[in-house]
file entry-v9.txt (compact mmCIF, C-alpha atoms)
# COMPACT_ATOMS: atom_id res chain seq x y z
CA MET A 1 -37.50 -23.35 35.16
CA ALA A 2 -40.40 -20.88 35.21
CA ALA A 3 -38.56 -18.18 37.19
CA PRO A 4 -35.74 -17.58 34.69
CA VAL A 5 -38.24 -17.49 31.82
CA MET A 6 -40.34 -14.89 33.61
CA ALA A 7 -37.24 -12.86 34.42
CA ALA A 8 -36.11 -12.91 30.80
CA SER A 9 -39.53 -11.79 29.65
CA GLY A 10 -39.60 -8.72 31.84
CA VAL A 11 -40.10 -9.80 35.45
CA GLU A 12 -36.57 -9.08 36.61
CA ALA A 13 -36.82 -9.85 40.28
CA SER A 14 -33.35 -11.33 40.70
CA GLY A 15 -29.81 -10.73 39.45
CA VAL A 16 -29.97 -13.85 37.31
CA GLY A 17 -33.03 -12.49 35.54
CA VAL A 18 -31.27 -9.17 34.83
CA SER A 19 -28.25 -10.88 33.28
CA VAL A 20 -30.39 -13.16 31.11
CA SER A 21 -32.49 -10.20 29.96
CA ARG A 22 -29.39 -8.23 28.96
CA ALA A 23 -27.94 -11.23 27.14
CA VAL A 24 -31.16 -11.57 25.16
CA GLU A 25 -31.63 -7.86 24.45
CA LEU A 26 -28.05 -7.12 23.26
CA PRO A 27 -28.07 -9.27 20.09
CA ALA A 28 -31.59 -8.14 19.34
CA HIS A 29 -30.49 -4.51 19.64
CA ILE A 30 -27.54 -5.08 17.29
CA GLY A 31 -29.79 -6.90 14.83
CA ASP A 32 -32.36 -4.11 14.92
CA TYR A 33 -29.64 -1.51 14.37
CA TYR A 34 -28.31 -3.44 11.36
CA VAL A 35 -31.78 -3.85 9.86
CA HIS A 36 -32.78 -0.23 10.48
CA HIS A 37 -29.55 1.50 9.36
CA ILE A 38 -28.01 -0.94 6.86
CA GLN A 39 -30.55 -3.32 5.39
CA ASP A 40 -33.65 -1.14 5.11
CA PRO A 41 -31.90 1.86 3.46
CA GLY A 42 -30.36 -0.57 0.91
CA LYS A 43 -26.78 -0.19 2.15
CA GLN A 44 -26.04 -3.89 2.60
CA PRO A 45 -23.92 -4.16 -0.63
CA LEU A 46 -21.86 -1.17 0.51
CA PHE A 47 -21.46 -2.71 3.96
CA LEU A 48 -20.26 -5.98 2.42
CA LEU A 49 -17.88 -3.97 0.22
CA LEU A 50 -16.35 -2.41 3.33
CA VAL A 51 -16.08 -5.82 5.02
CA GLY A 52 -14.36 -7.33 1.98
CA PHE A 53 -12.08 -4.29 1.72
CA ILE A 54 -10.82 -4.53 5.28
CA ALA A 55 -10.66 -8.35 5.34
CA SER A 56 -8.67 -8.63 2.10
CA PHE A 57 -6.19 -5.94 3.19
CA LEU A 58 -5.58 -7.58 6.57
CA PHE A 59 -5.26 -11.03 4.98
CA ILE A 60 -2.81 -9.98 2.28
CA ARG A 61 -0.68 -8.03 4.74
CA PHE A 62 -0.55 -11.06 7.02
CA SER A 63 0.38 -13.22 4.02
CA VAL A 64 3.24 -11.03 2.79
CA ARG A 65 4.63 -10.69 6.31
CA MET A 66 4.67 -14.47 6.68
CA ILE A 67 6.41 -14.76 3.31
CA ARG A 68 8.91 -12.11 4.36
CA ARG A 69 9.73 -14.01 7.53
CA GLY A 70 10.15 -17.21 5.55
CA VAL A 71 7.94 -19.43 7.72
CA LYS A 72 7.64 -22.97 6.40
CA TRP A 73 3.95 -23.54 7.13
CA TRP A 74 2.72 -20.67 4.90
CA PRO A 75 2.21 -21.39 1.17
CA GLY A 76 4.25 -18.45 -0.10
CA ASN A 77 4.17 -16.52 -3.37
CA VAL A 78 2.24 -17.63 -6.44
CA THR A 79 4.91 -18.45 -9.05
CA PRO A 80 3.52 -20.66 -11.84
CA GLY A 81 6.33 -21.54 -14.23
CA GLY A 82 8.73 -19.29 -12.32
CA LEU A 83 6.66 -16.13 -12.91
CA HIS A 84 5.91 -14.12 -9.75
CA ILE A 85 2.30 -12.98 -9.91
CA HIS A 86 1.59 -9.97 -7.71
CA HIS A 87 -1.70 -9.88 -5.84
CA VAL A 88 -2.74 -6.75 -7.72
CA VAL A 89 -3.51 -9.11 -10.63
CA PHE A 90 -6.03 -11.02 -8.51
CA GLY A 91 -7.49 -7.71 -7.33
CA VAL A 92 -8.08 -6.52 -10.89
CA PHE A 93 -9.69 -9.88 -11.68
CA PHE A 94 -12.07 -9.54 -8.71
CA LEU A 95 -12.99 -6.01 -9.77
CA LEU A 96 -13.79 -7.15 -13.31
CA VAL A 97 -15.89 -10.10 -12.15
CA ALA A 98 -17.83 -7.90 -9.70
CA GLY A 99 -18.55 -5.34 -12.43
CA PHE A 100 -19.69 -8.01 -14.88
CA VAL A 101 -21.99 -9.56 -12.27
CA VAL A 102 -23.65 -6.21 -11.48
CA PHE A 103 -24.27 -5.39 -15.15
CA ALA A 104 -25.39 -8.92 -16.04
CA THR A 105 -27.90 -9.19 -13.17
CA ASP A 106 -29.13 -5.57 -13.34
CA GLY A 107 -28.10 -5.01 -9.71
CA SER A 108 -30.70 -7.42 -8.29
CA HIS A 109 -30.47 -9.25 -4.99
CA PRO A 110 -28.67 -11.36 -3.90
CA TRP A 111 -26.20 -10.93 -6.77
CA ILE A 112 -25.35 -7.36 -5.90
CA ASP A 113 -24.45 -8.38 -2.33
CA GLY A 114 -21.93 -10.94 -3.57
CA ALA A 115 -20.62 -8.44 -6.13
CA GLY A 116 -20.15 -5.84 -3.39
CA LEU A 117 -18.14 -8.30 -1.28
CA LEU A 118 -16.02 -9.31 -4.28
CA PHE A 119 -15.49 -5.68 -5.29
CA GLY A 120 -14.30 -4.81 -1.78
CA MET A 121 -11.81 -7.70 -1.88
CA GLY A 122 -10.51 -6.44 -5.21
CA CYS A 123 -10.14 -2.90 -3.84
CA GLY A 124 -8.09 -4.16 -0.91
CA LEU A 125 -5.74 -6.17 -3.13
CA VAL A 126 -5.29 -3.42 -5.72
CA LEU A 127 -4.74 -0.54 -3.31
CA ASP A 128 -2.32 -2.62 -1.25
CA GLU A 129 0.04 -2.39 -4.25
CA PHE A 130 -0.85 1.18 -5.14
CA ALA A 131 2.81 2.22 -4.78
CA LEU A 132 3.86 -0.46 -7.29
CA LEU A 133 1.40 0.93 -9.84
CA LEU A 134 2.50 4.50 -9.10
CA HIS A 135 6.25 3.93 -9.40
CA LEU A 136 6.07 1.02 -11.89
CA GLU A 137 8.58 -0.95 -9.81
CA ASP A 138 8.51 -3.22 -6.80
CA VAL A 139 8.76 -0.77 -3.88
CA TYR A 140 6.53 -2.82 -1.58
CA TRP A 141 8.95 -2.96 1.36
CA SER A 142 10.57 0.42 0.79
CA GLU A 143 9.60 3.78 2.23
CA GLN A 144 7.74 4.63 -1.00
CA GLY A 145 5.57 1.58 -0.37
CA ARG A 146 3.88 3.40 2.50
CA LYS A 147 1.78 5.20 -0.11
CA SER A 148 -0.15 1.94 -0.43
CA VAL A 149 -1.13 2.04 3.25
CA ASP A 150 -2.23 5.67 2.89
CA ALA A 151 -4.35 4.75 -0.14
CA VAL A 152 -5.97 1.85 1.70
CA ILE A 153 -6.84 3.98 4.75
CA ILE A 154 -8.28 6.71 2.52
CA GLY A 155 -10.38 4.10 0.71
CA ILE A 156 -11.67 2.67 3.99
CA LEU A 157 -12.53 6.11 5.34
CA PHE A 158 -14.30 7.10 2.14
CA THR A 159 -16.30 3.85 2.08
CA GLY A 160 -17.21 4.29 5.73
CA LEU A 161 -18.35 7.84 5.02
CA LEU A 162 -20.60 6.61 2.22
CA LEU A 163 -21.94 3.88 4.46
CA VAL A 164 -22.72 6.19 7.36
CA GLY A 165 -24.12 8.83 5.04
CA TYR A 166 -25.68 11.76 6.88
CA LEU A 167 -26.25 9.94 10.15
CA PRO A 168 -23.46 11.67 12.17
CA LEU A 169 -25.22 15.01 11.70
CA GLY A 170 -28.72 13.60 12.13
CA VAL A 171 -29.77 14.08 8.50
CA THR A 172 -31.56 11.44 6.45
CA PRO A 173 -32.42 11.62 2.73
CA ASP A 174 -36.18 11.92 3.40
CA ALA A 175 -35.83 14.58 6.14
CA PRO A 176 -36.88 18.20 5.49
CA VAL A 177 -34.20 20.71 4.60
CA ARG A 178 -32.67 22.46 7.61
CA TRP A 179 -30.65 25.41 6.44
CA GLY A 180 -28.73 25.72 9.67
CA LEU A 181 -27.42 22.19 9.25
CA VAL A 182 -26.59 22.91 5.61
CA GLY A 183 -24.56 25.90 6.76
CA ILE A 184 -22.67 23.76 9.29
CA ILE A 185 -21.86 21.19 6.61
CA SER A 186 -20.64 23.90 4.21
CA THR A 187 -18.51 25.54 6.90
CA ASN A 188 -17.05 22.17 7.86
CA ALA A 189 -16.18 21.52 4.20
CA CYS A 190 -14.34 24.85 3.96
CA PHE A 191 -12.35 24.20 7.13
CA THR A 192 -11.53 20.71 5.85
CA VAL A 193 -10.05 22.15 2.65
CA VAL A 194 -7.97 24.63 4.67
CA ALA A 195 -6.72 21.83 6.95
CA LEU A 196 -5.67 19.78 3.92
CA LEU A 197 -3.86 22.79 2.41
CA LYS A 198 -2.01 23.25 5.72
CA GLY A 199 -0.63 19.73 5.40
CA LYS A 200 -2.82 18.17 8.12
CA PHE A 201 -4.11 15.29 6.08
CA TRP A 202 -5.55 13.03 8.75
CA SER A 203 -7.17 15.86 10.68
CA GLY A 204 -8.87 17.00 7.48
CA MET A 205 -10.04 13.53 6.51
CA LEU A 206 -11.36 12.68 9.95
CA GLY A 207 -12.91 16.14 10.19
CA ILE A 208 -15.27 15.20 7.36
CA MET A 209 -17.03 12.79 9.70
CA VAL A 210 -16.29 14.58 12.99
CA PRO A 211 -17.16 18.29 12.66
CA GLY A 212 -14.90 20.45 14.77
CA LEU A 213 -11.72 18.44 14.31
CA SER A 214 -10.90 20.07 11.01
CA TRP A 215 -11.81 23.48 12.47
CA ILE A 216 -9.07 23.17 15.11
CA ALA A 217 -6.56 22.01 12.47
CA ALA A 218 -7.50 24.90 10.18
CA VAL A 219 -6.90 27.68 12.73
CA ARG A 220 -3.54 26.34 13.90
CA LEU A 221 -0.18 26.87 12.20
CA ALA A 222 0.48 25.04 8.95
CA ARG A 223 3.21 22.47 8.53
CA PRO A 224 6.43 23.92 7.04
CA ARG A 225 6.30 21.84 3.84
CA SER A 226 2.61 22.40 3.14
CA PRO A 227 1.24 24.52 0.26
CA TRP A 228 -0.24 26.97 2.79
CA ALA A 229 3.22 27.60 4.28
CA ARG A 230 4.72 28.21 0.85
CA TRP A 231 1.96 30.69 0.00
CA ARG A 232 1.57 32.57 3.30
CA TYR A 233 4.77 32.10 5.34
CA THR A 234 7.39 33.02 2.73
CA GLY A 235 7.44 36.69 3.65
CA ARG A 236 6.84 36.09 7.37
CA PRO A 237 10.02 34.53 8.79
CA ARG A 238 8.85 34.59 12.42
CA LYS A 239 5.71 32.64 11.67
CA TYR A 240 7.66 30.20 9.52
CA ALA A 241 10.15 29.69 12.37
CA ARG A 242 7.27 29.02 14.77
CA ALA A 243 5.86 26.46 12.35
CA ARG A 244 9.23 24.72 12.17
CA ARG A 245 9.57 24.65 15.96
CA ARG A 246 6.07 23.24 16.33
CA GLU A 247 6.84 20.67 13.65
CA ALA A 248 9.93 19.56 15.56
CA ARG A 249 8.09 19.48 18.88
CA TRP A 250 4.68 17.99 18.15
CA HIS A 251 4.24 16.76 14.60
CA ARG A 252 7.30 14.55 14.64
CA ARG A 253 5.89 12.75 17.67
CA ALA A 254 2.63 12.27 15.81
CA ASP A 255 4.57 11.02 12.78
CA LEU A 256 6.42 8.54 14.98
CA ALA A 257 3.12 7.29 16.39
CA ARG A 258 1.70 6.98 12.86
CA GLN A 259 4.87 5.18 11.76
CA TRP A 260 4.53 2.74 14.66
CA PHE A 261 0.89 2.09 13.78
CA PHE A 262 1.72 1.49 10.12
CA ASP A 263 4.56 -0.85 11.10
CA LEU A 264 2.10 -2.74 13.27
CA ILE A 265 -0.50 -3.31 10.57
CA ALA A 266 1.66 -3.36 7.43
CA GLY A 267 5.18 -4.36 8.46
CA LYS A 268 8.36 -2.34 8.79
CA PRO A 269 9.92 -1.21 5.50
CA THR A 270 13.45 -2.18 4.54
CA PRO A 271 15.86 0.67 5.41
CA PRO A 272 17.68 2.27 2.45
CA GLY A 273 20.97 0.59 1.59
CA VAL A 274 20.01 -2.67 3.29
CA GLU A 275 19.50 -5.83 1.30
CA PRO A 276 15.93 -7.20 1.39
CA SER A 277 15.36 -10.45 3.23
CA ARG A 278 16.10 -13.78 1.60
CA ALA A 279 12.47 -14.82 1.79
CA HIS A 280 11.41 -11.64 -0.01
CA LEU A 281 13.78 -12.25 -2.95
CA PHE A 282 13.32 -16.02 -3.14
CA ALA A 283 10.57 -15.88 -5.76
CA GLU A 284 12.55 -13.54 -8.03
CA ARG A 285 15.72 -15.63 -7.85
CA TRP A 286 13.81 -18.83 -8.49
CA ALA A 287 12.03 -17.26 -11.45
CA HIS A 288 15.36 -16.23 -13.03
CA ARG A 289 16.81 -19.71 -12.51
CA VAL A 290 13.82 -21.48 -14.01
CA THR A 291 13.74 -19.09 -16.97
CA ALA A 292 17.45 -19.62 -17.63
CA ARG A 293 17.03 -23.40 -17.56
CA LEU A 294 14.01 -23.37 -19.85
CA GLU A 295 15.73 -21.21 -22.47
CA HIS A 296 17.32 -23.15 -25.34
CA ALA A 297 20.23 -21.92 -27.38
CA ALA A 298 18.42 -22.61 -30.65
CA TYR A 299 15.58 -20.30 -29.72
CA ALA A 300 17.78 -17.51 -28.29
CA PRO A 301 17.98 -14.24 -30.23
CA LEU A 302 21.02 -13.58 -32.39
CA ASP A 303 22.62 -11.00 -30.10
CA GLN A 304 22.13 -13.21 -27.05
CA ALA A 305 23.66 -16.22 -28.82
CA ARG A 306 26.63 -14.09 -29.85
CA VAL A 307 27.16 -12.90 -26.27
CA ARG A 308 27.10 -16.50 -25.07
CA ARG A 309 29.65 -17.58 -27.66
CA LEU A 310 31.97 -14.70 -26.76
CA ALA A 311 31.65 -15.57 -23.07
CA ARG A 312 32.54 -19.20 -23.81
CA LEU A 313 35.58 -18.10 -25.84
CA ASN A 314 36.70 -15.83 -23.01
CA ARG A 315 36.45 -18.69 -20.54
CA LEU A 316 38.47 -20.92 -22.83
CA ALA A 317 41.11 -18.19 -23.27
CA ALA A 318 41.37 -17.73 -19.52
CA LYS A 319 41.61 -21.49 -19.01
CA HIS A 320 44.31 -22.07 -21.64
CA GLY A 321 46.43 -19.02 -20.89
CA PRO A 322 50.22 -18.92 -20.78
CA SER A 323 50.19 -20.10 -17.15
CA SER A 324 48.58 -23.42 -18.12
CA PRO A 325 51.07 -26.22 -19.00
CA THR A 326 48.58 -27.80 -21.43
CA ALA A 327 48.14 -24.63 -23.57
CA PRO A 328 49.29 -24.85 -27.19
CA ALA A 329 52.24 -22.74 -28.29
CA SER A 330 50.24 -20.96 -30.99
CA SER A 331 47.53 -19.85 -28.56
CA SER A 332 50.18 -18.62 -26.10
CA ALA A 333 51.87 -16.58 -28.81
CA GLU A 334 48.53 -15.15 -29.92
CA SER A 335 47.71 -14.18 -26.36
CA ALA A 336 51.12 -12.51 -25.97
CA ARG A 337 50.60 -10.49 -29.16
CA ARG A 338 47.19 -9.35 -27.97
CA ARG A 339 48.56 -8.26 -24.61
CA ALA A 340 51.40 -6.37 -26.30
CA ALA A 341 48.98 -4.60 -28.65
CA ALA A 342 46.76 -3.66 -25.71
CA ALA A 343 49.79 -2.29 -23.84
CA ARG A 344 50.78 -0.16 -26.85
CA ARG A 345 47.25 1.24 -27.12
CA ARG A 346 47.26 2.16 -23.45
CA ALA A 347 50.66 3.85 -23.81
CA VAL A 348 49.51 5.88 -26.80
CA ALA A 349 46.33 6.91 -24.97
CA ALA A 350 48.36 7.92 -21.90
CA GLY A 351 50.75 10.00 -24.06
CA ARG A 352 47.89 11.81 -25.71
CA ALA A 353 46.31 12.58 -22.35
CA LYS A 354 49.66 13.88 -21.05
CA HIS A 355 50.22 16.23 -24.00
CA ARG A 356 46.69 17.61 -23.67
call {"tool": "encode", "arguments": {"input": "entry-v9.txt", "output": "structure tokens"}}
result
Amino acid sequence: MAAPVMAASGVEASGVGVSVSRAVELPAHIGDYYVHHIQDPGKQPLFLLLVGFIASFLFIRFSVRMIRRGVKWWPGNVTPGGLHIHHVVFGVFFLLVAGFVVFATDGSHPWIDGAGLLFGMGCGLVLDEFALLLHLEDVYWSEQGRKSVDAVIIGILFTGLLLVGYLPLGVTPDAPVRWGLVGIISTNACFTVVALLKGKFWSGMLGIMVPGLSWIAAVRLARPRSPWARWRYTGRPRKYARARRREARWHRRADLARQWFFDLIAGKPTPPGVEPSRAHLFAERWAHRVTARLEHAAYAPLDQARVRRLARLNRLAAKHGPSSPTAPASSSAESARRRAAAARRRAVAAGRAKHR
């Protein structure tokens, strides 16, 4: 037993000792990195926020996809009393609780760590239904619902940028000012703005953390529907035609790859003109049925009660029409007079239209 211990402590004379030493050093290296870059600078609440953000988004997307497929072992939607509660409501609740905890505890540990985790969970749930809040209708499984995935990815990238801070460029808050590095950061910011104006959203966003990526996107042709193309390519038809050809050749392939990735993590949207799945509409149908059963005629509004009475009278008139042998003679005569009056009105209306 002494040989492996000596090998793990530094005397690596055999292959077994090397493997044990690496197995011991790897977790220690990860722990040291976390303590040095996350815990010591005070970024642990932000790190927990990012963890809660990603975990809640992945969980809720898994949940809604299971509900959409209609699997029996998954709980399903939350519908107390027939009311479908969207998960954005739980997200807003988590955000409020996290804010109250931070203000009530003055941002002290360990309360701020738990508040950061809860705030990240709320961000994931709220931004997952960003398209619903934007359009004020349930467009979750439509093409407009992809705005929610874009909002979530932007939120994750922004949180990751705040967490990493200045580390990608080698700058720390207590380091002396290096004007060359400041110039690089300013130039990168300008190229990022140009890339965003040229319609290259992801290249611009990733270029914030990876200098050089936004520079390449900024010097290349803009996308045909971008603001840059509307401003600069209107009077230059050749350049606009080149941009359209490049869009058809390269950007559509990138859009297909992005579409495949979004379908993988968020589910495929329902094509236009196609009915949503039965599992997706089950909660809404059940809510309408329960609401209709719970409503009482005595508590219905006046106009609704009148509509119900007229509908009942129409059903009775259709049931006891002239084709029914049990219909009274008076009701049959009344129905005949009504049909004759309706025919005269239609004839008069047709005559007026013909003379016009």
call {"tool": "closest_residue", "arguments": {"input": "entry-v9.txt", "among": "A:Arg65, A:Arg338, A:Arg223, A:His87", "to": "A:Trp250", "atoms": "only C-alpha atoms"}}
result
A:Arg223
call {"tool": "atom_distance", "arguments": {"input": "entry-v9.txt", "atom1": "atom CA of A:Phe191", "atom2": "atom CA of A:Ser203"}}
result
10.4 Å
call {"tool": "atom_distance", "arguments": {"input": "entry-v9.txt", "atom1": "atom CA of A:Leu83", "atom2": "atom CA of A:Asp128"}}
result
20.0 Å
call {"tool": "residues_around", "arguments": {"input": "entry-v9.txt", "residues": "stretch 253-270 of chain A", "least_positions_apart": "6", "cutoff": "10 Å", "atoms": "only C-alpha atoms", "output": "JSON, numbers by chain"}}
result
{"A": [57, 58, 60, 61, 62, 64, 65, 68, 128, 139, 140, 141, 142, 143, 144, 145, 146, 148, 149, 150, 247, 276, 277]}
call {"tool": "atom_distance", "arguments": {"input": "entry-v9.txt", "atom1": "atom CA of A:Gly31", "atom2": "atom CA of A:Gly124"}}
result
26.9 Å
call {"tool": "residues_around", "arguments": {"input": "entry-v9.txt", "residues": "A:Val194", "least_positions_apart": "2", "cutoff": "9 Å", "atoms": "all atoms listed in the file", "output": "PyMOL selection string"}}
result
chain A and resi 189-192+196-200+204+214-215+217-219+228
call {"tool": "closest_residue", "arguments": {"input": "entry-v9.txt", "among": "A:Ala98, A:Ala222, A:Leu46, A:Ile112", "to": "A:Phe158", "atoms": "all atoms listed in the file"}}
result
A:Leu46
call {"tool": "closest_residue", "arguments": {"input": "entry-v9.txt", "among": "A:Asp138, A:Pro45, A:Val71, A:Gly180", "to": "A:Ile85", "atoms": "only C-alpha atoms"}}
result
A:Asp138
call {"tool": "residues_near_point", "arguments": {"input": "entry-v9.txt", "point": "(-11.8, -6.2, 3.0)", "cutoff": "9 Å", "atoms": "only C-alpha atoms", "output": "PyMOL selection string"}}
result
chain A and resi 48-59+117-118+120-125+156
call {"tool": "residues_around", "arguments": {"input": "entry-v9.txt", "residues": "stretch 232-237 of chain A", "least_positions_apart": "5", "cutoff": "10 Å", "atoms": "all atoms listed in the file", "output": "VMD selection string"}}
result
chain A and resid 221 to 222 224 227 242 to 243
call {"tool": "build_atoms", "arguments": {"input": "entry-v9.txt", "residues": "stretch 222-233 of chain A", "atoms": "N, CA, C and O atoms", "output": "CSV table (one decimal), in the frame of the given file"}}
result
chain,number,residue,atom,x,y,z
A,222,ALA,N,0.3,26.1,10.0
A,222,ALA,CA,0.5,25.0,9.0
A,222,ALA,C,1.8,24.3,9.1
A,222,ALA,O,2.7,24.8,9.8
A,223,ARG,N,1.9,23.2,8.5
A,223,ARG,CA,3.2,22.5,8.5
A,223,ARG,C,4.2,23.1,7.6
A,223,ARG,O,3.8,23.7,6.5
A,224,PRO,N,5.5,23.1,7.8
A,224,PRO,CA,6.4,23.9,7.0
A,224,PRO,C,6.5,23.5,5.6
A,224,PRO,O,6.8,24.4,4.7
A,225,ARG,N,6.2,22.3,5.2
A,225,ARG,CA,6.3,21.8,3.8
A,225,ARG,C,5.0,21.8,3.1
A,225,ARG,O,4.8,21.3,2.0
A,226,SER,N,3.9,22.4,3.7
A,226,SER,CA,2.6,22.4,3.1
A,226,SER,C,2.5,23.5,2.1
A,226,SER,O,3.2,24.5,2.1
A,227,PRO,N,1.5,23.4,1.2
A,227,PRO,CA,1.2,24.5,0.3
A,227,PRO,C,0.9,25.8,1.0
A,227,PRO,O,1.3,26.9,0.5
A,228,TRP,N,0.1,25.8,2.1
A,228,TRP,CA,-0.2,27.0,2.8
A,228,TRP,C,1.0,27.7,3.3
A,228,TRP,O,1.1,29.0,3.2
A,229,ALA,N,2.0,27.0,3.8
A,229,ALA,CA,3.2,27.6,4.3
A,229,ALA,C,4.0,28.2,3.1
A,229,ALA,O,4.6,29.3,3.3
A,230,ARG,N,4.0,27.6,2.0
A,230,ARG,CA,4.7,28.2,0.8
A,230,ARG,C,4.0,29.5,0.4
A,230,ARG,O,4.7,30.4,-0.1
A,231,TRP,N,2.7,29.5,0.5
A,231,TRP,CA,2.0,30.7,0.0
A,231,TRP,C,2.0,31.8,1.0
A,231,TRP,O,2.1,33.0,0.6
A,232,ARG,N,1.8,31.5,2.3
A,232,ARG,CA,1.6,32.6,3.3
A,232,ARG,C,2.8,32.9,4.2
A,232,ARG,O,2.8,33.9,4.8
A,233,TYR,N,3.7,31.9,4.4
A,233,TYR,CA,4.8,32.1,5.3
A,233,TYR,C,6.1,32.5,4.7
A,233,TYR,O,7.1,32.7,5.4
